file final16.txt (compact mmCIF, C-alpha atoms and all ligand atoms)
# COMPACT_ATOMS: atom_id res chain seq x y z
CA MET A 876 54.04 -43.26 14.43
CA ILE A 877 51.08 -42.24 12.27
CA SER A 878 47.60 -43.53 12.99
CA ASN A 879 45.31 -43.36 9.98
CA GLU A 880 41.54 -43.36 9.69
CA ILE A 881 39.98 -46.78 8.99
CA ASN A 882 36.68 -47.73 7.33
CA ASN A 883 35.97 -51.35 8.09
CA GLY A 884 36.07 -51.48 11.86
CA ILE A 885 38.23 -53.39 14.32
CA ASN A 886 37.48 -57.10 14.28
CA GLY A 887 38.81 -60.33 15.79
CA GLU A 888 40.59 -61.38 18.97
CA PRO A 889 43.44 -59.08 20.01
CA SER A 890 46.31 -60.66 21.85
CA ILE A 891 46.50 -58.62 25.07
CA PRO A 892 49.71 -58.76 27.14
CA GLY A 893 49.96 -59.82 30.78
CA ASP A 894 48.82 -57.39 33.46
CA LYS A 895 51.51 -54.84 34.29
CA SER A 896 50.69 -54.44 38.00
CA ILE A 897 50.52 -58.19 38.58
CA SER A 898 53.69 -58.77 36.53
CA HIS A 899 55.73 -56.46 38.79
CA ARG A 900 54.40 -58.21 41.89
CA SER A 901 55.06 -61.61 40.27
CA ILE A 902 58.76 -60.77 40.25
CA ILE A 903 59.05 -58.94 43.55
CA ILE A 904 57.18 -61.37 45.80
CA PRO A 905 58.67 -64.63 44.42
CA SER A 906 62.17 -63.09 44.65
CA ILE A 907 61.80 -62.76 48.44
CA SER A 908 60.04 -66.10 48.95
CA ASN A 909 61.56 -69.47 49.75
CA GLY A 910 61.70 -71.87 46.82
CA ILE A 911 61.14 -71.71 43.07
CA SER A 912 58.24 -69.93 41.36
CA GLU A 913 57.26 -70.37 37.72
CA ILE A 914 55.58 -67.29 36.29
CA SER A 915 53.52 -67.66 33.10
CA ASN A 916 52.30 -64.89 30.79
CA ILE A 917 54.44 -62.20 32.38
CA LEU A 918 54.28 -58.86 30.55
CA LYS A 919 57.38 -58.46 28.38
CA SER A 920 57.77 -54.70 28.43
CA ASP A 921 60.37 -52.13 29.42
CA ASP A 922 58.82 -51.41 32.84
CA VAL A 923 58.75 -55.07 33.83
CA LYS A 924 62.29 -55.65 32.50
CA HIS A 925 63.49 -52.95 34.89
CA THR A 926 61.98 -54.83 37.84
CA ILE A 927 63.53 -58.11 36.65
CA ASN A 928 66.95 -56.45 36.26
CA ALA A 929 66.67 -54.89 39.71
CA PHE A 930 66.30 -58.31 41.33
CA LYS A 931 68.98 -59.88 39.13
CA SER A 932 71.31 -57.12 40.33
CA MET A 933 70.55 -58.22 43.91
CA ASN A 934 71.62 -61.74 42.99
CA VAL A 935 68.22 -63.34 42.50
CA LYS A 936 68.48 -66.04 39.85
CA ILE A 937 65.77 -65.44 37.23
CA GLU A 938 65.65 -67.60 34.10
CA GLN A 939 63.50 -67.60 30.99
CA ASN A 940 62.25 -71.10 30.10
CA ASN A 941 59.68 -71.77 27.35
CA ASN A 942 57.83 -68.54 27.85
CA LYS A 943 57.91 -68.93 31.62
CA LEU A 944 60.01 -67.00 34.05
CA ILE A 945 61.65 -69.18 36.70
CA ILE A 946 62.47 -67.26 39.88
CA TYR A 947 64.68 -68.83 42.55
CA GLY A 948 63.51 -67.00 45.67
CA LYS A 949 66.12 -65.95 48.25
CA GLY A 950 63.87 -65.40 51.27
CA LEU A 951 62.98 -62.19 53.07
CA ASN A 952 66.41 -61.15 54.18
CA SER A 953 68.95 -62.53 51.70
CA LEU A 954 68.98 -60.09 48.83
CA ASN A 955 72.51 -58.86 48.08
CA LYS A 956 73.67 -55.29 47.82
CA PRO A 957 73.59 -54.33 44.11
CA LYS A 958 77.00 -53.42 42.66
CA ASP A 959 75.65 -50.23 41.13
CA TYR A 960 72.56 -48.05 41.35
CA ILE A 961 69.25 -49.61 40.30
CA TYR A 962 67.81 -48.00 37.16
CA LEU A 963 64.02 -48.16 36.88
CA GLY A 964 63.42 -46.30 33.61
CA ASN A 965 59.84 -45.02 33.43
CA SER A 966 58.37 -47.36 36.02
CA GLY A 967 56.64 -45.65 38.96
CA THR A 968 55.38 -48.99 40.26
CA SER A 969 58.92 -50.39 40.47
CA ALA A 970 60.14 -47.20 42.17
CA ARG A 971 57.46 -47.05 44.88
CA LEU A 972 57.36 -50.79 45.59
CA LEU A 973 61.15 -51.20 45.66
CA THR A 974 61.59 -48.20 47.94
CA GLY A 975 59.42 -50.00 50.48
CA LEU A 976 61.08 -53.36 50.08
CA LEU A 977 64.67 -52.04 50.12
CA SER A 978 64.16 -49.83 53.16
CA SER A 979 63.93 -53.00 55.27
CA GLN A 980 67.01 -54.70 53.79
CA LYS A 981 70.42 -54.61 55.40
CA PHE A 982 72.32 -52.80 52.63
CA GLU A 983 72.47 -49.44 50.95
CA SER A 984 70.85 -48.94 47.54
CA ILE A 985 70.28 -46.10 45.12
CA LEU A 986 67.26 -45.85 42.83
CA LYS A 987 67.25 -43.78 39.63
CA GLY A 988 64.79 -43.34 36.78
CA ASP A 989 64.35 -41.69 33.41
CA GLN A 990 63.49 -38.02 32.92
CA SER A 991 59.76 -38.53 33.46
CA LEU A 992 60.09 -40.78 36.53
CA THR A 993 62.57 -38.33 38.03
CA LYS A 994 59.84 -35.68 38.03
CA ARG A 995 57.31 -37.84 39.91
CA PRO A 996 56.68 -37.50 43.64
CA MET A 997 58.41 -40.01 45.90
CA SER A 998 57.74 -38.43 49.29
CA ARG A 999 54.29 -40.01 49.22
CA ILE A 1000 56.07 -43.33 49.84
CA THR A 1001 59.17 -42.16 51.74
CA ASP A 1002 57.13 -40.19 54.34
CA PRO A 1003 55.14 -43.16 55.65
CA LEU A 1004 58.26 -45.33 55.51
CA THR A 1005 60.09 -42.78 57.63
CA LYS A 1006 57.42 -43.37 60.28
CA MET A 1007 58.68 -46.96 60.31
CA ASN A 1008 62.24 -45.70 60.91
CA ALA A 1009 63.35 -46.03 57.32
CA ASN A 1010 66.49 -44.16 56.36
CA ILE A 1011 65.90 -42.65 52.92
CA LYS A 1012 67.39 -39.58 51.28
CA THR A 1013 65.48 -38.19 48.32
CA SER A 1014 66.41 -35.43 45.88
CA LYS A 1015 63.84 -32.87 47.06
CA GLY A 1016 61.16 -35.55 47.34
CA LYS A 1017 62.06 -37.14 43.98
CA LEU A 1018 64.49 -39.67 42.49
CA PRO A 1019 67.40 -40.36 42.71
CA ILE A 1020 66.97 -41.69 46.22
CA LYS A 1021 69.42 -43.35 48.52
CA ILE A 1022 68.11 -45.99 50.89
CA THR A 1023 70.25 -47.06 53.81
CA GLY A 1024 68.75 -50.36 54.86
CA ALA A 1025 67.56 -50.39 58.47
CA ASN A 1026 65.76 -52.45 61.08
CA LEU A 1027 62.32 -50.96 60.67
CA LYS A 1028 59.80 -50.73 63.46
CA PRO A 1029 56.14 -51.51 62.87
CA ALA A 1030 53.69 -48.62 62.64
CA SER A 1031 50.03 -47.88 62.06
CA ILE A 1032 49.74 -45.97 58.81
CA GLU A 1033 46.67 -44.29 57.36
CA LEU A 1034 46.81 -43.81 53.61
CA LYS A 1035 46.22 -40.13 52.94
CA LEU A 1036 46.24 -40.66 49.18
CA PRO A 1037 44.40 -43.52 47.53
CA SER A 1038 47.42 -45.21 45.97
CA ALA A 1039 48.12 -48.91 45.53
CA GLN A 1040 51.76 -48.08 45.01
CA ILE A 1041 52.06 -46.45 48.43
CA LYS A 1042 50.07 -49.21 50.12
CA SER A 1043 52.19 -51.87 48.42
CA GLY A 1044 55.48 -50.18 49.31
CA ILE A 1045 54.49 -50.16 53.00
CA LEU A 1046 53.26 -53.77 52.91
CA LEU A 1047 56.53 -54.91 51.32
CA ALA A 1048 58.53 -53.00 53.95
CA SER A 1049 56.51 -54.61 56.74
CA LEU A 1050 57.29 -58.14 55.54
CA ASN A 1051 60.82 -57.94 56.94
CA THR A 1052 59.84 -55.89 60.02
CA LEU A 1053 59.39 -57.56 63.38
CA GLY A 1054 55.91 -56.91 64.82
CA LYS A 1055 52.53 -55.88 63.44
CA THR A 1056 52.23 -53.15 60.83
CA ARG A 1057 48.78 -51.80 60.11
CA VAL A 1058 47.72 -50.02 56.93
CA THR A 1059 44.30 -48.37 56.80
CA GLU A 1060 42.85 -47.17 53.52
CA PHE A 1061 39.70 -45.09 53.12
CA LYS A 1062 39.32 -45.44 49.37
CA VAL A 1063 39.56 -48.46 47.12
CA THR A 1064 42.92 -49.06 45.45
CA ARG A 1065 44.01 -52.08 43.48
CA ASP A 1066 44.59 -55.02 45.81
CA HIS A 1067 47.03 -57.23 43.87
CA THR A 1068 49.78 -57.00 46.51
CA GLU A 1069 47.72 -58.16 49.47
CA THR A 1070 46.02 -60.85 47.33
CA MET A 1071 49.38 -62.25 46.27
CA LEU A 1072 50.90 -61.98 49.76
CA GLU A 1073 48.00 -64.04 51.15
CA ALA A 1074 48.64 -66.70 48.51
CA PHE A 1075 52.39 -66.78 49.36
CA GLY A 1076 51.62 -67.45 53.03
CA ALA A 1077 52.29 -64.02 54.60
CA ASN A 1078 50.92 -63.46 58.09
CA ILE A 1079 48.35 -60.99 56.79
CA ASP A 1080 44.86 -60.18 57.93
CA ILE A 1081 42.50 -58.05 55.86
CA LYS A 1082 39.33 -56.56 57.35
CA LYS A 1083 36.76 -54.44 55.60
CA GLU A 1084 34.82 -52.03 57.77
CA GLU A 1085 32.17 -49.59 56.61
CA ASN A 1086 34.32 -46.97 54.91
CA LYS A 1087 37.74 -48.45 55.29
CA LYS A 1088 39.95 -51.44 54.76
CA ILE A 1089 42.47 -52.44 57.42
CA ILE A 1090 45.45 -54.62 56.57
CA ASN A 1091 47.54 -56.06 59.39
CA ILE A 1092 50.83 -57.77 58.62
CA VAL A 1093 53.02 -59.50 61.17
CA GLY A 1094 56.49 -59.37 59.69
CA GLN A 1095 59.44 -61.74 59.51
CA LYS A 1096 57.35 -64.72 58.50
CA GLU A 1097 59.03 -66.35 55.52
CA LEU A 1098 56.99 -66.56 52.31
CA ILE A 1099 56.56 -69.80 50.38
CA SER A 1100 57.10 -69.75 46.62
CA LYS A 1101 54.15 -70.42 44.33
CA ASN A 1102 53.56 -70.47 40.60
CA VAL A 1103 51.69 -67.51 39.15
CA ASP A 1104 49.72 -67.32 35.92
CA VAL A 1105 49.47 -63.60 35.10
CA PRO A 1106 46.07 -62.68 33.61
CA ASN A 1107 45.85 -60.27 30.66
CA ASP A 1108 45.77 -56.55 31.34
CA LEU A 1109 42.43 -54.71 31.45
CA SER A 1110 44.20 -51.35 31.11
CA SER A 1111 45.81 -52.49 27.83
CA SER A 1112 42.49 -54.03 26.72
CA ALA A 1113 40.80 -50.65 27.12
CA PHE A 1114 42.50 -49.33 23.94
CA PHE A 1115 40.96 -52.16 21.92
CA ILE A 1116 37.61 -51.90 23.66
CA VAL A 1117 37.32 -48.20 22.79
CA SER A 1118 38.59 -48.66 19.22
CA ALA A 1119 35.85 -51.25 18.68
CA LEU A 1120 33.19 -49.04 20.28
CA ILE A 1121 33.92 -45.90 18.26
CA ASN A 1122 34.54 -47.53 14.86
CA ASN A 1123 31.48 -48.81 12.95
CA ASN A 1124 31.31 -52.48 11.93
CA SER A 1125 33.50 -53.61 14.82
CA ASN A 1126 33.21 -56.75 16.86
CA ILE A 1127 36.03 -58.05 19.09
CA THR A 1128 36.52 -60.65 21.79
CA LEU A 1129 39.20 -60.32 24.46
CA ARG A 1130 40.22 -63.41 26.40
CA ASN A 1131 41.54 -64.05 29.91
CA ILE A 1132 41.27 -60.44 31.06
CA ASN A 1133 41.79 -59.39 34.67
CA ASN A 1134 38.47 -58.05 35.93
CA ASN A 1135 39.55 -57.20 39.46
CA PRO A 1136 36.74 -55.14 41.08
CA THR A 1137 39.29 -52.70 42.55
CA ARG A 1138 40.20 -51.47 39.07
CA ASN A 1139 37.45 -52.28 36.57
CA GLY A 1140 35.98 -48.75 36.55
CA ILE A 1141 36.56 -48.45 32.79
CA ILE A 1142 34.04 -51.24 32.12
CA LEU A 1143 31.49 -49.68 34.50
CA ALA A 1144 32.03 -46.22 32.97
CA LEU A 1145 31.70 -47.42 29.37
CA LYS A 1146 28.58 -49.41 30.27
CA LYS A 1147 27.15 -46.25 31.81
CA MET A 1148 27.74 -44.66 28.39
CA GLY A 1149 25.65 -47.43 26.80
CA ALA A 1150 28.59 -49.46 25.45
CA LYS A 1151 27.76 -52.89 24.04
CA ILE A 1152 30.15 -54.82 26.25
CA LEU A 1153 29.47 -58.37 27.38
CA ILE A 1154 31.48 -59.86 30.23
CA PHE A 1155 31.37 -63.68 30.21
CA ASN A 1156 33.26 -66.78 31.35
CA GLU A 1157 33.91 -65.16 34.71
CA ARG A 1158 36.27 -67.25 36.81
CA LEU A 1159 38.97 -67.06 39.49
CA ASN A 1160 42.70 -67.60 38.92
CA ASN A 1161 45.11 -67.15 41.87
CA ASN A 1162 42.28 -65.26 43.60
CA GLU A 1163 42.11 -62.73 40.75
CA ASN A 1164 38.82 -62.31 38.84
CA ILE A 1165 39.27 -63.22 35.17
CA CYS A 1166 36.78 -62.95 32.31
CA ASP A 1167 36.33 -62.81 28.56
CA ILE A 1168 34.87 -59.66 27.00
CA LYS A 1169 32.88 -59.10 23.79
CA VAL A 1170 32.60 -55.57 22.40
CA GLU A 1171 30.55 -54.19 19.48
CA SER A 1172 30.44 -50.75 17.86
CA THR A 1173 28.13 -48.44 19.81
CA ASN A 1174 26.82 -44.89 19.55
CA LEU A 1175 27.91 -43.87 23.03
CA ASN A 1176 26.14 -41.43 25.34
CA GLY A 1177 28.08 -38.97 27.45
CA CYS A 1178 28.16 -39.47 31.20
CA GLU A 1179 29.10 -37.86 34.50
CA LEU A 1180 31.58 -39.71 36.71
CA ASN A 1181 32.34 -38.62 40.25
CA GLN A 1182 35.69 -38.89 41.99
CA ASP A 1183 35.08 -42.43 43.24
CA PHE A 1184 35.47 -43.61 39.66
CA ALA A 1185 38.93 -42.08 39.50
CA ASP A 1186 40.08 -44.50 42.19
CA LEU A 1187 38.83 -47.45 40.16
CA MET A 1188 40.26 -46.46 36.78
CA ILE A 1189 42.90 -43.74 37.12
CA ASP A 1190 44.98 -45.14 34.24
CA GLU A 1191 42.04 -45.24 31.83
CA TYR A 1192 41.05 -41.56 31.60
CA PRO A 1193 43.09 -40.84 28.45
CA ILE A 1194 41.24 -43.53 26.51
CA LEU A 1195 37.91 -42.74 28.18
CA ALA A 1196 38.31 -39.10 27.10
CA VAL A 1197 38.78 -40.33 23.52
CA ALA A 1198 35.59 -42.42 23.80
CA ALA A 1199 33.70 -39.42 25.22
CA SER A 1200 34.78 -37.32 22.22
CA PHE A 1201 32.62 -39.52 19.97
CA ALA A 1202 29.56 -39.65 22.26
CA ASN A 1203 26.28 -37.98 21.41
CA SER A 1204 26.18 -35.81 24.57
CA PRO A 1205 28.68 -34.10 26.91
CA SER A 1206 30.66 -35.84 29.66
CA VAL A 1207 32.13 -34.67 32.96
CA PHE A 1208 34.85 -36.62 34.77
CA ARG A 1209 35.48 -35.32 38.25
CA GLY A 1210 38.36 -35.50 40.72
CA LEU A 1211 41.29 -36.16 38.38
CA LYS A 1212 44.02 -34.60 40.51
CA GLU A 1213 46.18 -37.74 40.46
CA LEU A 1214 46.23 -37.68 36.65
CA ARG A 1215 48.64 -34.77 36.92
CA VAL A 1216 51.41 -36.90 38.49
CA LYS A 1217 51.37 -39.98 36.29
CA GLU A 1218 53.90 -40.75 33.54
CA SER A 1219 53.02 -37.22 32.33
CA ASP A 1220 50.58 -34.53 33.39
CA ARG A 1221 47.81 -36.52 31.75
CA LEU A 1222 45.07 -33.98 32.37
CA LYS A 1223 47.08 -31.30 30.58
CA LEU A 1224 47.93 -33.58 27.63
CA ILE A 1225 44.37 -34.90 27.27
CA LEU A 1226 43.11 -31.32 26.99
CA LEU A 1227 45.86 -30.12 24.67
CA ASN A 1228 45.60 -33.07 22.29
CA LEU A 1229 41.79 -33.20 22.23
CA GLN A 1230 41.68 -29.48 21.51
CA ASN A 1231 44.21 -29.92 18.70
CA CYS A 1232 41.96 -32.66 17.31
CA GLY A 1233 39.07 -30.18 17.28
CA VAL A 1234 37.23 -31.43 20.37
CA ASN A 1235 35.60 -28.81 22.56
CA CYS A 1236 36.78 -29.54 26.12
CA LYS A 1237 37.98 -27.77 29.23
CA SER A 1238 39.06 -28.42 32.80
CA ILE A 1239 37.84 -26.61 35.89
CA GLY A 1240 40.03 -27.48 38.85
CA ASP A 1241 40.53 -31.22 38.59
CA ASP A 1242 37.35 -31.88 36.59
CA LEU A 1243 37.37 -32.57 32.86
CA PHE A 1244 34.48 -31.50 30.62
CA ILE A 1245 34.08 -32.84 27.07
CA TYR A 1246 31.49 -31.45 24.63
CA PRO A 1247 31.53 -33.67 21.56
CA SER A 1248 30.21 -32.76 18.12
CA ASN A 1249 30.22 -34.64 14.81
CA LYS A 1250 32.74 -32.31 13.27
CA PHE A 1251 36.45 -32.52 13.99
CA GLU A 1252 38.22 -29.45 12.70
CA ILE A 1253 41.74 -30.60 13.33
CA LYS A 1254 43.97 -27.70 14.40
CA LYS A 1255 47.22 -29.63 14.64
CA ASN A 1256 47.58 -33.30 13.88
CA ILE A 1257 50.73 -33.87 15.94
CA ILE A 1258 50.04 -35.51 19.28
CA LYS A 1259 52.30 -34.52 22.15
CA THR A 1260 52.89 -37.44 24.53
CA ASP A 1261 55.75 -36.41 26.82
CA PHE A 1262 56.82 -40.08 26.47
CA ASP A 1263 53.61 -41.30 28.12
CA HIS A 1264 52.56 -44.72 26.82
CA ARG A 1265 48.87 -44.32 27.64
CA ILE A 1266 48.58 -40.90 25.98
CA ALA A 1267 50.28 -42.34 22.88
CA MET A 1268 47.95 -45.36 22.65
CA ALA A 1269 44.79 -43.37 23.42
CA PHE A 1270 45.48 -40.92 20.60
CA ALA A 1271 46.51 -43.71 18.23
CA VAL A 1272 42.96 -45.00 18.82
CA MET A 1273 41.63 -41.49 18.14
CA GLY A 1274 43.56 -41.63 14.85
CA THR A 1275 41.63 -44.74 13.73
CA LYS A 1276 38.58 -42.46 13.58
CA ILE A 1277 39.88 -39.02 12.55
CA GLY A 1278 43.44 -39.72 11.40
CA PRO A 1279 46.03 -39.27 10.16
CA LEU A 1280 47.43 -38.26 13.54
CA GLU A 1281 51.15 -38.25 14.14
CA ILE A 1282 51.99 -39.58 17.59
CA GLU A 1283 55.26 -38.13 18.92
CA ASP A 1284 57.68 -40.31 20.90
CA SER A 1285 55.53 -43.38 20.31
CA GLU A 1286 58.34 -45.70 21.46
CA ALA A 1287 56.99 -44.94 24.96
CA ILE A 1288 54.36 -47.60 24.19
CA ASN A 1289 57.06 -50.21 24.93
CA THR A 1290 56.52 -49.36 28.59
CA SER A 1291 53.40 -51.52 28.71
CA PHE A 1292 52.37 -52.86 25.30
CA PRO A 1293 55.25 -53.39 22.82
CA ASN A 1294 53.01 -55.20 20.30
CA PHE A 1295 50.23 -52.59 20.32
CA LYS A 1296 50.73 -51.32 16.75
CA ASN A 1297 50.91 -54.82 15.22
CA GLU A 1298 47.82 -55.95 17.09
CA ILE A 1299 45.74 -52.90 16.11
CA ASN A 1300 46.81 -53.37 12.48
CA ARG A 1301 46.06 -57.12 12.56
CA LEU A 1302 42.49 -56.32 13.64
CA GLY A 1303 41.89 -53.69 10.94
CA GLY A 1304 43.83 -50.62 12.08
CA ASN A 1305 46.20 -48.66 9.87
CA ILE A 1306 49.13 -47.43 11.93
CA SER A 1307 52.40 -46.83 10.13
C1 LIG A 1401 49.75 -49.17 40.04
C2 LIG A 1401 49.00 -48.28 40.75
C3 LIG A 1401 48.45 -47.03 40.21
C4 LIG A 1401 48.52 -47.00 38.68
C5 LIG A 1401 49.82 -47.53 38.17
C6 LIG A 1401 50.06 -48.96 38.61
C7 LIG A 1401 50.25 -50.38 40.72
O1 LIG A 1401 49.19 -45.95 40.72
O2 LIG A 1401 48.29 -45.69 38.21
O3 LIG A 1401 49.82 -47.52 36.72
O4 LIG A 1401 50.69 -51.32 40.03
O5 LIG A 1401 50.21 -50.43 41.95
P1 LIG A 1401 48.78 -45.31 42.16
O6 LIG A 1401 48.62 -46.43 43.08
O7 LIG A 1401 49.90 -44.42 42.56
O8 LIG A 1401 47.51 -44.57 41.89

call {"tool": "encode", "arguments": {"input": "final16.txt", "output": "structure tokens", "more": "lines below"}}
Ligand code: S3P
result
Amino acid sequence: MISNEINNGINGEPSIPGDKSISHRSIIIPSISNGISEISNILKSDDVKHTINAFKSMNVKIEQNNNKLIIYGKGLNSLNKPKDYIYLGNSGTSARLLTGLLSSQKFESILKGDQSLTKRPMSRITDPLTKMNANIKTSKGKLPIKITGANLKPASIELKLPSAQIKSGILLASLNTLGKTRVTEFKVTRDHTETMLEAFGANIDIKKEENKKIINIVGQKELISKNVDVPNDLSSSAFFIVSALINNNSNITLRNINNNPTRNGIILALKKMGAKILIFNERLNNNENICDIKVESTNLNGCELNQDFADLMIDEYPILAVAASFANSPSVFRGLKELRVKESDRLKLILLNLQNCGVNCKSIGDDLFIYPSNKFEIKKNIIKTDFDHRIAMAFAVMGTKIGPLEIEDSEAINTSFPNFKNEINRLGGNIS
């Protein structure tokens, strides 16, 4: 894919797909509830298809009907042993959440992923599950893993790493576990799982104390099916927001965007950089904050973000780094250790690709420093993505300003935003 420079800005209303995190949960939780759930606006992407196929392979009936997904829930304990291994492609969320859920089922299952997912750490989820008596064999802490379903025992688990995937895996395991499981987190992570479990009638109690959040779940209470209307994805919106900010003569409006305070760091960070972003029509939908967003071209300032921001926007650093490359002063983003274990080593690829685009930047430890200037002396206009969708989209946005940039392995974008190229082009982009 080649992203070319544009002159007339990005304008209009992009069509943003459904939220990826909520889409996964909108398949998993209804599949183990009692009754029928209708899911609207689910993200149609490779990652989500893998979660759907996983549940179909465990005999959950899932139908497509007029743009809605109809899920016939089987209850907490009635999934069937899949005939074959479950293949999860590139999807870390599916892998961590399903490991939790399947460890409390009564059958054996095997989870596999693509090359990139197979390199990502799984012991962060299998270790706490082992404390609950789970029986899981990993391949040196990675996929493929073999889960021998067991009667789990409840435990009190403190989250060492701020990770919604780990928290969610444990919560899903506890649903089918007799007794009270407690999860304590010391840093904010996205809360879609607990929000949805409350709505589906789980016996869940959430307390916030000074520096921590404590979630108690009493297991083996059946869930009751509900319809879900998936809001649009803020992480996918970020690529449009930044393309409008950095390109002159731009003005866009994004509708029905999830503005969950546990993951809206990108909006706070860009506002700190002086971005002309207006959040309006704020409302609640299934207990998720939703809003519309207007964005105009802005001469951004650089900014310094401490590690707390990383917890609120870990997926958005690739596109934030692109924004910071066009600011009128330097930026420092601190505490990006987790970026190294995402769909790629994102810190490494941000540095490599920015440097190839002629941006002066460096990392010290886990901190990223960007020193923008008006001149971009491109050293190499081929962007290495290691099949990472967010690196590919971030540098496609970079291309709208300094292109042509050739984005390698751009089919990775299908992981979260299959229509990205068409939408950018519809609003004034020039990606071929
Ligand atoms: C996700 C959680 C985050 C995020 C990922 C989706 C989720 O990962 O990076 O894209 O849906 O729970 P961690 O919780 O591991 O940080």

call {"tool": "residues_around", "arguments": {"input": "final16.txt", "residues": "Ser908 (chain A)", "least_positions_apart": "4", "cutoff": "8 Å", "atoms": "only C-alpha atoms", "output": "JSON, numbers by chain"}}
result
{"A": [904, 948, 949, 950, 951, 1075, 1097, 1098, 1099, 1100]}

call {"tool": "closest_residue", "arguments": {"input": "final16.txt", "among": "A:Asn1026, A:Ser906, A:Thr1275, A:Ser1110", "to": "ligand LIG 1401 (chain A)", "atoms": "only C-alpha atoms and all ligand atoms"}}
result
A:Ser1110

call {"tool": "closest_residue", "arguments": {"input": "final16.txt", "among": "A:Ala1039, A:Met1071, A:Ala970, A:Leu1109", "to": "ligand LIG 1401 (chain A)", "atoms": "only C-alpha atoms and all ligand atoms"}}
result
A:Ala1039

call {"tool": "atom_distance", "arguments": {"input": "final16.txt", "atom1": "atom O5 of ligand LIG 1401 (chain A)", "atom2": "CA of Lys1237 (chain A)"}}
result
28.7 Å

call {"tool": "closest_residue", "arguments": {"input": "final16.txt", "among": "A:Asn1181, A:Ser1118, A:Asn1091, A:Ser890", "to": "Ala1150 (chain A)", "atoms": "all atoms listed in the file"}}
result
A:Ser1118

call {"tool": "axis_aligned_box", "arguments": {"input": "final16.txt", "around": "ligand LIG 1401 (chain A)", "padding_each_side": "6 Å", "output": "JSON"}}
result
{"center_x": 49.1, "center_y": -47.9, "center_z": 39.9, "size_x": 15.2, "size_y": 18.9, "size_z": 18.4}

call {"tool": "closest_residue", "arguments": {"input": "final16.txt", "among": "A:Gly1278, A:Glu1060, A:Ser1111, A:Leu1229", "to": "Asn1086 (chain A)", "atoms": "all atoms listed in the file"}}
result
A:Glu1060

call {"tool": "residues_around", "arguments": {"input": "final16.txt", "residues": "region 1016-1022 of chain A", "least_positions_apart": "4", "cutoff": "9 Å", "atoms": "only C-alpha atoms", "output": "list in words"}}
result
Ala970, Thr974, Leu977, Ser978, Phe982, Glu983, Ser984, Ile985, Leu986, Lys987, Gly988, Leu992, Thr993, Lys994, Arg995, Pro996, Met997, Ser998, Arg999, Thr1001, Ala1009, Asn1010, Ile1011 and Lys1012 of chain A

call {"tool": "closest_residue", "arguments": {"input": "final16.txt", "among": "A:Asp921, A:Asp1080, A:Glu1033, A:Glu1218", "to": "ligand LIG 1401 (chain A)", "atoms": "only C-alpha atoms and all ligand atoms"}}
result
A:Glu1218

call {"tool": "closest_atom_pairs", "arguments": {"input": "final16.txt", "of": "chain A", "to": "ligand LIG 1401 (chain A)", "cutoff": "6 Å", "atoms": "only C-alpha atoms and all ligand atoms", "output": "CSV"}}
result
residue,atom,partner,partner_atom,distance
A:Ser896,CA,A:LIG1401,O4,3.7
A:Thr968,CA,A:LIG1401,O4,5.2
A:Ser1038,CA,A:LIG1401,O6,3.4
A:Ala1039,CA,A:LIG1401,O6,3.5
A:Gln1040,CA,A:LIG1401,O6,4.0
A:Ile1189,CA,A:LIG1401,O2,5.8
A:Asp1190,CA,A:LIG1401,O2,5.2
